[in-house]
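Novice: Contents of query-v5.cif (mmCIF, C-alpha atoms) are given next:
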data_model
#
loop_
_atom_site.label_atom_id
_atom_site.label_comp_id
_atom_site.auth_asym_id
_atom_site.auth_seq_id
_atom_site.Cartn_x
_atom_site.Cartn_y
_atom_site.Cartn_z
CA MET A 806 0.00 0.00 0.00
CA LYS A 807 1.37 3.41 -0.99
CA HIS A 808 1.82 6.03 1.73
CA THR A 809 0.09 9.37 1.38
CA ARG A 810 2.26 12.41 1.02
CA HIS A 811 1.70 16.12 1.27
CA ILE A 812 1.88 17.59 -2.22
CA PRO A 813 2.87 21.30 -2.16
CA GLU A 814 0.96 23.78 -4.23
CA LYS A 815 2.08 24.41 -7.76
CA ASN A 816 4.32 27.34 -8.64
CA THR A 817 6.25 27.13 -5.34
CA ARG A 818 9.88 27.62 -4.54
CA ILE A 819 11.99 24.83 -3.13
CA VAL A 820 12.04 25.14 0.66
CA LEU A 821 15.25 23.85 2.23
CA THR A 822 15.03 21.67 5.29
CA SER A 823 16.77 22.68 8.53
CA LYS A 824 19.42 20.05 7.84
CA GLU A 825 20.09 21.48 4.38
CA LYS A 826 20.30 25.01 5.80
CA SER A 827 22.84 23.77 8.32
CA GLU A 828 24.83 22.13 5.53
CA LEU A 829 24.79 25.43 3.64
CA ILE A 830 26.03 27.37 6.68
CA VAL A 831 28.80 24.82 7.33
CA GLU A 832 29.77 24.97 3.67
CA GLY A 833 30.06 28.76 3.84
CA PHE A 834 32.02 28.67 7.11
CA ILE A 835 34.52 26.12 5.82
CA THR A 836 34.92 28.03 2.57
CA ILE A 837 35.65 31.28 4.47
CA ILE A 838 38.29 29.57 6.64
CA LEU A 839 39.98 28.03 3.61
CA LEU A 840 39.94 31.38 1.78
CA LEU A 841 41.46 33.17 4.80
CA LEU A 842 44.24 30.62 5.00
CA LEU A 843 44.77 30.92 1.26
CA ASN A 844 44.86 34.73 1.52
CA ILE A 845 47.49 34.64 4.29
CA ALA A 846 49.59 32.26 2.24
CA ILE A 847 49.32 34.51 -0.82
CA ILE A 848 50.28 37.64 1.17
CA VAL A 849 53.29 35.91 2.74
CA ILE A 850 54.46 34.60 -0.62
CA LEU A 851 54.01 38.01 -2.27
CA GLY A 852 56.01 39.68 0.58
CA GLN A 853 58.84 37.22 0.10
CA VAL A 854 58.83 37.71 -3.68
CA ILE A 855 58.89 41.53 -3.37
CA SER A 856 61.74 41.46 -0.80
CA TYR A 857 63.89 39.38 -3.14
CA HIS A 858 63.11 41.39 -6.28
CA GLN A 859 63.98 45.10 -5.81
CA SER A 860 62.77 46.07 -9.29
CA LEU A 861 59.34 44.52 -8.57
CA GLY A 862 59.19 46.47 -5.29
CA GLU A 863 60.02 49.72 -7.09
CA MET A 864 57.29 49.06 -9.70
CA ILE A 865 54.73 48.44 -6.98
CA TYR A 866 55.85 51.63 -5.19
CA ARG A 867 55.29 53.70 -8.37
CA ILE A 868 51.85 52.17 -8.84
CA LYS A 869 50.94 53.08 -5.26
CA MET A 870 52.06 56.68 -5.73
CA ILE A 871 50.04 57.00 -8.93
CA MET A 872 46.95 55.56 -7.21
CA THR A 873 47.45 57.89 -4.20
CA GLN A 874 47.73 60.98 -6.41
CA THR A 875 44.86 59.92 -8.65
CA PHE A 876 42.36 59.19 -5.86
CA ASN A 877 43.93 61.63 -3.35
CA ASN A 878 43.77 58.93 -0.73
CA ARG A 879 46.71 57.88 1.49
CA ALA A 880 45.23 54.43 1.86
CA PHE A 881 46.82 53.47 -1.47
CA ALA A 882 50.28 54.33 -0.04
CA SER A 883 50.30 50.89 1.62
CA TRP A 884 50.61 47.98 -0.78
CA SER A 885 48.43 45.78 1.44
CA THR A 886 45.29 47.91 0.95
CA PRO A 887 44.75 47.18 -2.77
CA SER A 888 45.89 43.60 -2.20
CA PHE A 889 43.25 43.06 0.48
CA LEU A 890 40.65 44.72 -1.74
CA ILE A 891 41.42 42.45 -4.69
CA LEU A 892 41.57 39.35 -2.51
CA GLY A 893 38.28 40.34 -0.86
CA ILE A 894 36.52 40.64 -4.21
CA ILE A 895 37.91 37.29 -5.37
CA ASP A 896 36.96 35.65 -2.04
CA THR A 897 33.41 36.99 -2.28
CA ILE A 898 33.04 35.62 -5.83
CA ILE A 899 34.39 32.20 -4.81
CA LEU A 900 32.15 32.06 -1.70
CA TYR A 901 29.07 33.02 -3.72
CA TRP A 902 29.89 30.42 -6.40
CA ARG A 903 30.38 27.68 -3.80
CA LEU A 904 27.10 28.44 -2.00
CA ILE A 905 25.11 28.70 -5.24
CA ARG A 906 26.64 25.43 -6.45
CA ARG A 907 25.67 23.66 -3.22
CA TYR A 908 22.18 25.21 -3.33
CA ASN A 909 21.71 23.95 -6.90
CA GLN A 910 22.77 20.48 -5.78
CA MET A 911 20.11 20.61 -3.05
CA GLN A 912 17.52 21.72 -5.60
CA LEU A 913 18.47 18.81 -7.82
CA ARG A 914 18.16 16.48 -4.84
CA HIS A 915 14.59 17.70 -4.25
CA ILE A 916 13.73 17.24 -7.93
CA ILE A 917 15.16 13.69 -7.95
CA SER A 918 13.10 12.94 -4.82
CA GLU A 919 9.96 14.10 -6.64
CA LEU A 920 10.87 11.93 -9.63
CA HIS A 921 11.30 8.87 -7.42
CA TYR A 922 7.92 9.59 -5.85
CA ILE A 923 6.25 9.76 -9.28
CA ALA A 924 8.11 6.65 -10.50
CA SER A 925 6.82 4.68 -7.49
CA GLY A 926 3.32 4.83 -9.00
CA HIS A 927 1.99 8.25 -8.01
CA TYR A 928 1.23 9.32 -11.59
CA ASP A 929 -1.23 12.00 -10.47
CA HIS A 930 1.65 13.93 -8.87
CA ARG A 931 3.69 16.60 -10.68
CA ILE A 932 6.91 18.39 -9.76
CA PRO A 933 5.51 21.63 -8.29
CA PHE A 934 8.64 23.79 -8.20
CA GLU A 935 8.91 27.01 -10.19
CA ILE A 936 12.58 27.55 -11.02
CA ASN A 937 14.06 29.93 -13.55
CA GLY A 938 16.57 28.92 -16.18
CA ASP A 939 17.42 25.53 -17.62
CA VAL A 940 16.34 23.61 -14.51
CA GLY A 941 12.86 25.12 -14.77
CA ARG A 942 12.61 24.07 -18.41
CA VAL A 943 13.72 20.56 -17.45
CA ILE A 944 10.96 20.41 -14.80
CA ASP A 945 8.36 21.52 -17.37
CA SER A 946 9.60 18.85 -19.78
CA ILE A 947 9.44 16.17 -17.08
CA ASN A 948 5.89 17.14 -16.13
CA GLY A 949 4.92 17.11 -19.81
CA LEU A 950 6.49 13.66 -20.20
CA VAL A 951 4.58 12.36 -17.17
CA ASP A 952 1.33 13.75 -18.63
CA SER A 953 2.03 11.98 -21.93
CA THR A 954 2.89 8.75 -20.13
CA VAL A 955 -0.31 8.88 -18.06
CA ASP A 956 -2.36 9.52 -21.21
CA ALA A 957 -0.65 6.58 -22.95
CA ILE A 958 -1.31 4.30 -19.96
CA GLU A 959 -4.96 5.37 -19.84
CA GLU A 960 -5.33 4.82 -23.58
CA GLU A 961 -3.76 1.36 -23.25
CA ARG A 962 -6.19 0.52 -20.45
CA LYS A 963 -9.11 1.60 -22.63
CA ILE A 964 -7.82 -0.54 -25.50
CA GLU A 965 -7.42 -3.55 -23.21
CA LYS A 966 -10.90 -3.01 -21.80
CA SER A 967 -12.28 -2.65 -25.31
CA LYS A 968 -10.59 -5.90 -26.36
CA ASP A 969 -12.00 -7.71 -23.33
CA GLU A 970 -15.49 -6.39 -24.08
CA LEU A 971 -15.11 -7.43 -27.72
CA ILE A 972 -14.13 -10.98 -26.76
CA THR A 973 -16.93 -11.19 -24.18
CA ASN A 974 -19.62 -9.95 -26.58
CA VAL A 975 -18.46 -12.09 -29.51
CA SER A 976 -18.26 -15.15 -27.26
CA HIS A 977 -21.77 -14.52 -25.96
CA ASP A 978 -23.29 -13.87 -29.38
CA ILE A 979 -21.63 -16.92 -30.94
CA ARG A 980 -22.18 -19.28 -28.01
CA THR A 981 -25.96 -18.74 -27.90
CA PRO A 982 -26.78 -19.88 -31.47
CA LEU A 983 -23.96 -22.43 -31.40
CA THR A 984 -25.49 -24.06 -28.32
CA SER A 985 -28.82 -24.34 -30.15
CA ILE A 986 -27.15 -25.77 -33.27
CA ILE A 987 -25.27 -28.40 -31.25
CA GLY A 988 -28.42 -29.21 -29.26
CA TYR A 989 -30.66 -29.75 -32.30
CA LEU A 990 -28.00 -31.62 -34.28
CA GLY A 991 -27.43 -33.77 -31.19
CA LEU A 992 -31.11 -34.68 -31.13
CA ILE A 993 -30.88 -35.60 -34.83
CA GLU A 994 -27.66 -37.56 -34.25
CA GLU A 995 -29.33 -39.53 -31.45
CA ARG A 996 -32.47 -39.92 -33.59
CA GLN A 997 -34.65 -38.35 -30.93
CA PHE A 998 -37.38 -37.28 -33.33
CA HIS A 999 -40.70 -38.93 -34.00
CA SER A 1000 -41.55 -37.73 -37.50
CA ASN A 1001 -40.09 -36.12 -40.58
CA GLU A 1002 -41.86 -32.90 -39.62
CA GLU A 1003 -40.05 -32.86 -36.29
CA LEU A 1004 -36.75 -33.63 -38.06
CA LEU A 1005 -37.32 -30.75 -40.49
CA HIS A 1006 -38.11 -28.48 -37.54
CA TYR A 1007 -34.78 -29.38 -35.91
CA THR A 1008 -32.79 -28.87 -39.10
CA HIS A 1009 -34.58 -25.61 -39.91
CA THR A 1010 -33.89 -24.20 -36.44
CA ALA A 1011 -30.21 -25.22 -36.68
CA TYR A 1012 -30.08 -23.59 -40.13
CA LEU A 1013 -31.51 -20.30 -38.81
CA LYS A 1014 -29.03 -20.27 -35.91
CA ALA A 1015 -26.17 -20.93 -38.33
CA LYS A 1016 -27.32 -17.95 -40.42
CA GLN A 1017 -27.29 -15.78 -37.28
CA MET A 1018 -23.70 -16.82 -36.66
CA LYS A 1019 -22.76 -16.01 -40.25
CA VAL A 1020 -24.32 -12.54 -39.96
CA LEU A 1021 -22.31 -11.89 -36.80
CA VAL A 1022 -19.07 -13.12 -38.35
CA ASP A 1023 -19.68 -11.07 -41.53
CA ASP A 1024 -20.44 -7.93 -39.52
CA LEU A 1025 -17.40 -8.47 -37.31
CA PHE A 1026 -15.21 -8.91 -40.39
CA GLU A 1027 -16.68 -5.77 -41.98
CA TYR A 1028 -16.22 -3.77 -38.78
CA THR A 1029 -12.55 -4.73 -38.36
CA LYS A 1030 -11.93 -4.05 -42.06
CA VAL A 1031 -13.34 -0.51 -42.08
CA ARG A 1032 -11.58 0.27 -38.79
CA GLN A 1033 -8.16 -0.32 -40.32
CA PRO A 1034 -6.33 2.98 -41.01
CA SER A 1035 -5.04 1.56 -44.29
CA THR A 1036 -8.50 0.73 -45.65
CA PRO A 1037 -8.70 2.24 -49.16
CA LEU A 1038 -11.62 4.18 -50.56
CA ASN A 1039 -12.60 3.31 -54.11
CA SER A 1040 -13.88 6.82 -54.76
CA ILE A 1041 -15.94 7.53 -57.84
CA THR A 1042 -18.22 10.36 -58.93
CA PHE A 1043 -21.85 9.30 -58.54
CA ASP A 1044 -25.38 10.70 -58.24
CA MET A 1045 -26.49 10.51 -54.61
CA GLU A 1046 -30.12 10.93 -55.67
CA GLN A 1047 -30.03 7.79 -57.83
CA LEU A 1048 -28.20 5.87 -55.11
CA ILE A 1049 -30.80 6.73 -52.44
CA GLU A 1050 -33.75 6.02 -54.76
CA GLN A 1051 -32.34 2.60 -55.66
CA ILE A 1052 -31.82 1.75 -51.99
CA ALA A 1053 -35.40 2.86 -51.23
CA VAL A 1054 -36.71 0.50 -53.95
CA ASP A 1055 -34.67 -2.39 -52.47
CA PHE A 1056 -36.27 -1.87 -49.03
CA GLU A 1057 -39.77 -1.13 -50.31
CA LEU A 1058 -41.07 -4.70 -49.89
CA ALA A 1059 -39.67 -5.14 -46.36
CA ALA A 1060 -41.09 -1.76 -45.35
CA SER A 1061 -44.53 -2.41 -46.85
CA LYS A 1062 -44.84 -5.63 -44.81
CA LYS A 1063 -44.77 -3.41 -41.71
CA ASN A 1064 -46.98 -0.74 -43.27
CA ILE A 1065 -44.10 1.71 -43.52
CA LYS A 1066 -43.69 4.10 -46.43
CA ILE A 1067 -40.22 5.23 -47.57
CA GLU A 1068 -39.97 8.82 -48.81
CA VAL A 1069 -36.94 10.32 -50.61
CA LEU A 1070 -36.17 14.08 -50.63
CA VAL A 1071 -33.01 15.14 -52.49
CA SER A 1072 -31.87 18.60 -53.55
CA PRO A 1073 -30.42 19.50 -56.01
CA SER A 1074 -31.19 17.03 -58.75
CA PRO A 1075 -28.92 15.47 -59.90
CA PHE A 1076 -26.82 15.36 -56.71
CA MET A 1077 -23.26 14.67 -57.88
CA MET A 1078 -20.49 13.95 -55.36
CA GLU A 1079 -17.44 11.75 -54.78
CA GLY A 1080 -17.14 8.75 -52.49
CA ASP A 1081 -17.02 4.98 -52.22
CA SER A 1082 -20.58 4.20 -53.27
CA GLU A 1083 -20.39 0.53 -52.19
CA LYS A 1084 -19.40 1.45 -48.65
CA LEU A 1085 -22.01 4.21 -48.48
CA VAL A 1086 -24.68 1.70 -49.53
CA ARG A 1087 -23.74 -0.27 -46.40
CA VAL A 1088 -24.34 2.85 -44.29
CA PHE A 1089 -27.84 3.33 -45.75
CA ASP A 1090 -28.59 -0.41 -45.44
CA ASN A 1091 -27.76 -0.39 -41.75
CA LEU A 1092 -29.72 2.79 -40.99
CA ILE A 1093 -32.84 1.79 -42.96
CA SER A 1094 -32.77 -1.78 -41.59
CA ASN A 1095 -32.69 -0.38 -38.07
CA ALA A 1096 -35.56 2.00 -38.87
CA ILE A 1097 -37.70 -0.88 -40.14
CA LYS A 1098 -36.73 -3.28 -37.36
CA TYR A 1099 -37.03 -0.92 -34.39
CA GLY A 1100 -39.52 1.64 -35.71
CA LYS A 1101 -42.50 -0.38 -34.50
CA GLY A 1102 -45.74 1.52 -34.95
CA GLY A 1103 -44.11 4.02 -37.28
CA LYS A 1104 -45.61 4.84 -40.65
CA LYS A 1105 -42.84 6.62 -42.48
CA ILE A 1106 -39.10 6.58 -43.16
CA VAL A 1107 -37.73 9.76 -44.74
CA ILE A 1108 -34.34 9.85 -46.47
CA SER A 1109 -33.21 13.38 -47.31
CA ALA A 1110 -30.03 14.82 -48.80
CA GLU A 1111 -29.00 18.40 -49.51
CA LYS A 1112 -25.85 20.35 -50.29
CA ILE A 1113 -24.58 22.75 -47.64
CA GLY A 1114 -21.40 24.47 -48.77
CA SER A 1115 -18.83 21.79 -49.52
CA GLU A 1116 -20.75 19.11 -47.61
CA ALA A 1117 -23.61 16.74 -48.20
CA LEU A 1118 -26.09 16.68 -45.30
CA ILE A 1119 -27.93 13.34 -45.27
CA ILE A 1120 -30.69 12.38 -42.83
CA VAL A 1121 -32.41 9.03 -42.35
CA LYS A 1122 -35.34 9.42 -39.96
CA ASN A 1123 -38.41 7.50 -38.89
CA ASP A 1124 -41.49 8.27 -36.79
CA GLY A 1125 -41.22 5.16 -34.62
CA PRO A 1126 -40.58 5.03 -30.86
CA SER A 1127 -37.98 7.49 -29.59
CA ILE A 1128 -34.58 6.39 -28.31
CA PRO A 1129 -33.86 7.16 -24.62
CA LYS A 1130 -31.56 10.14 -24.19
CA LYS A 1131 -29.06 8.10 -22.14
CA SER A 1132 -28.63 5.72 -25.09
CA LEU A 1133 -28.00 8.31 -27.82
CA ASP A 1134 -24.32 8.80 -27.00
CA GLN A 1135 -23.68 5.04 -26.96
CA LEU A 1136 -25.54 4.09 -30.13
CA PHE A 1137 -22.37 3.94 -32.22
CA ASP A 1138 -20.40 1.85 -29.71
CA ARG A 1139 -19.76 -1.64 -31.01
CA PHE A 1140 -22.14 -4.30 -29.67
CA TYR A 1141 -24.29 -1.68 -27.94
CA ARG A 1142 -28.03 -2.25 -28.11
CA VAL A 1143 -30.82 -0.14 -26.70
CA GLU A 1144 -32.51 -3.33 -25.57
CA GLU A 1145 -30.22 -4.98 -23.06
CA SER A 1146 -31.27 -8.62 -23.46
CA ARG A 1147 -28.84 -9.06 -26.39
CA SER A 1148 -31.41 -11.42 -27.94
CA GLN A 1149 -30.83 -12.32 -31.56
CA GLU A 1150 -34.58 -12.44 -31.99
CA THR A 1151 -35.17 -8.78 -31.02
CA GLY A 1152 -31.86 -7.23 -32.05
CA GLY A 1153 -29.00 -7.50 -34.50
CA THR A 1154 -25.32 -7.98 -33.89
CA GLY A 1155 -24.85 -4.52 -32.39
CA LEU A 1156 -22.22 -3.72 -35.03
CA GLY A 1157 -24.33 -2.05 -37.71
CA LEU A 1158 -24.10 1.53 -36.42
CA ALA A 1159 -20.44 1.10 -35.48
CA ILE A 1160 -19.74 0.03 -39.07
CA ALA A 1161 -21.75 3.00 -40.40
CA GLN A 1162 -19.78 5.42 -38.23
CA SER A 1163 -16.45 3.95 -39.35
CA ILE A 1164 -17.40 4.27 -43.03
CA VAL A 1165 -18.55 7.87 -42.60
CA THR A 1166 -15.33 8.69 -40.71
CA LEU A 1167 -13.32 7.01 -43.45
CA HIS A 1168 -14.86 9.51 -45.88
CA GLY A 1169 -13.86 12.42 -43.63
CA GLY A 1170 -17.38 12.99 -42.30
CA TYR A 1171 -19.22 12.48 -39.03
CA ILE A 1172 -22.52 11.01 -37.88
CA TYR A 1173 -24.80 11.48 -34.88
CA ALA A 1174 -28.36 10.72 -33.77
CA ASN A 1175 -31.28 12.80 -32.51
CA SER A 1176 -34.54 11.49 -31.11
CA ASP A 1177 -37.76 13.08 -29.86
CA LYS A 1178 -41.45 12.20 -29.78
CA GLU A 1179 -41.88 12.93 -33.50
CA TRP A 1180 -38.71 11.66 -35.21
CA THR A 1181 -35.65 9.52 -34.59
CA SER A 1182 -33.00 10.89 -36.95
CA PHE A 1183 -29.56 9.70 -37.97
CA VAL A 1184 -27.67 12.64 -39.44
CA PHE A 1185 -24.35 12.41 -41.23
CA HIS A 1186 -22.17 14.94 -43.03
CA LEU A 1187 -19.98 13.94 -45.96
CA PRO A 1188 -17.54 16.08 -47.96
CA LEU A 1189 -18.56 16.41 -51.61
CA LYS A 1190 -14.99 15.62 -52.63
CA THR A 1191 -13.37 12.95 -50.51
CA LYS A 1192 -10.09 11.25 -50.01
CA ASN A 1193 -9.05 8.34 -47.82
CA TYR A 1194 -8.86 9.87 -44.34
CA GLN A 1195 -6.58 8.21 -41.79
CA LYS A 1196 -8.24 7.48 -38.47
CA ASP A 1197 -6.47 8.40 -35.23
#
Mind converting the file's structure to structure tokens?

Specialist:
Amino acid sequence: MKHTRHIPEKNTRIVLTSKEKSELIVEGFITIILLLLLNIAIIVILGQVISYHQSLGEMIYRIKMIMTQTFNNRAFASWSTPSFLILGIIDTIILYWRLIRRYNQMQLRHIISELHYIASGHYDHRIPFEINGDVGRVIDSINGLVDSTVDAIEEERKIEKSKDELITNVSHDIRTPLTSIIGYLGLIEERQFHSNEELLHYTHTAYLKAKQMKVLVDDLFEYTKVRQPSTPLNSITFDMEQLIEQIAVDFELAASKKNIKIEVLVSPSPFMMEGDSEKLVRVFDNLISNAIKYGKGGKKIVISAEKIGSEALIIVKNDGPSIPKKSLDQLFDRFYRVEESRSQETGGTGLGLAIAQSIVTLHGGYIYANSDKEWTSFVFHLPLKTKNYQKD
């Protein structure tokens, strides 16, 4: 279990501990003593050198006289005064450099401590110190790196969770019809039927369950294919009006069986644009199939398309039951169904809208849903001229 730790506020200075302050004072005291000893040694050596070299002594004497006359100060008459002044300036510079160097080392020690704390698993923590110069830029870079790492870890967790959900949902949706197929074929294998009619009932049920499995596998294959960033678009120039009208004709019989009328509204006519018409047909198929399947009690499906600037605005709507608001944002998640039983009898594979969204995104567009008491609408925008967009 990780221990809690007080995290200082951001934009704070590094506060030295009492031990570190003591170390700094000792460092300064030792440095002063060493400098004093060094100064004494230098003065003694210089005195010896001057006493042995008369010409050097005379040169120093002239310099002192010039300095005395220039500044009108008798203090320069003694050679020790300028020497002490020079040595004092040098000592001050050395002392300042030593203390700053030790202080920087202490700062670095605090930063390393913060890094160790973050590395131990506290990824919500950031180095809070505000320091000028290169060290401050290093701290900003480290915090940015930690942010990127946390984002990458979170994204990896989402991917792993998504994979687990995918496996769970596929296993569930395959196991259910597969169990029925094995059960009915087992009855046939053991000859536990009493008439040809009962045998045909068993084989027909197994056949229907096998078709359900094929639909799921086909949808799963289609979904993974359109989700690949390298999926190509076979773009052509086509008439969206003709495409929608042909699709409406294809669904006319299925809609009429449920007393639903399909209406097409397209402007302008003809409606020329670019795109992968085969993939866009799949989008319309999924949306219209859903409208027919789930629009119970509805009387009309309206497919409209119009040009807005450089985009095509396309709407597929029906007057069936509305979709709960809490479900709208999840409609395009793979395997999500508004009805939670996940029954193959009342719902599809849960991949249709996810496939539609991937195809629209592949074209560089976007899709969303609206639902109220009057209409449930699926709205998508497509560029009139498309290229193969790479997905993030």

Novice: So which residues touch stretch 1175-1177 of chain A within 12 Å, counting only C-alpha atoms, skipping near sequence neighbours fewer than 6 positions away, as number ranges by chain?

Specialist: A: 1100, 1120-1134, 1136, 1183-1185

Novice: Can you pull out the residues contacting stretch 951-954 of chain A? Cut-off 10 Å, using only C-alpha atoms, and skip same-chain residues under 2 positions away; I want them as a ChimeraX atom specification.

Specialist: /A:920,923-924,928-932,945-949,956-960

Novice: Let me make sure I understand: among A:Ile1160, A:Ile1093, A:Ala1053, A:Leu904, which one has the smallest atom-to-atom distance to A:Arg1032 if we use all atoms listed in the file?

Specialist: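 Counting all atoms listed in the file, the residue closest to A:Arg1032 is A:Ile1160.
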
Novice: Using the chain letters and numbering of this document, enumerate as a list in words the residues selected by the PyMOL selection byres ((chain A and resi 1043) around 6).

Specialist: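 When the PyMOL selection byres ((chain A and resi 1043) around 6) is applied, the selected residues are Thr1042, Asp1044, Met1077 and Met1078 of chain A.
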
Novice: Within 12 Å of (-7.9, 5.0, -56.7), in the coordinates the file gives, what residues turn up when you count all atoms listed in the file, written out as a CSV table (one decimal) with C-alpha atoms, in the coordinates of the input?

Specialist:
chain,number,residue,atom,x,y,z
A,1036,THR,CA,-8.5,0.7,-45.6
A,1037,PRO,CA,-8.7,2.2,-49.2
A,1038,LEU,CA,-11.6,4.2,-50.6
A,1039,ASN,CA,-12.6,3.3,-54.1
A,1040,SER,CA,-13.9,6.8,-54.8
A,1041,ILE,CA,-15.9,7.5,-57.8
A,1042,THR,CA,-18.2,10.4,-58.9
A,1079,GLU,CA,-17.4,11.8,-54.8
A,1080,GLY,CA,-17.1,8.8,-52.5
A,1081,ASP,CA,-17.0,5.0,-52.2
A,1191,THR,CA,-13.4,13.0,-50.5
A,1192,LYS,CA,-10.1,11.2,-50.0
A,1193,ASN,CA,-9.0,8.3,-47.8

Novice: Considering all atoms listed in the file, state which residue in the set A:Arg906, A:Lys1105, A:Gln1162, A:Met1045 is at the smallest distance from A:Trp1180.

Specialist: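 When distances to A:Trp1180 are compared using all atoms listed in the file, the smallest one comes from A:Lys1105.
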
Novice: List the spatial neighbours of A:Thr822 as a list of chain:residue names - criterion: any atom at most 12 Å away, all atoms listed in the file, same-chain residues fewer than 2 positions off excluded.

Specialist: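 Surrounding residues, per the criterion: A:Ile819, A:Val820, A:Lys824, A:Glu825, A:Lys826, A:Ser827, A:Glu828, A:Leu829, A:Tyr908, A:Met911, A:Gln912, A:Arg914, A:His915.
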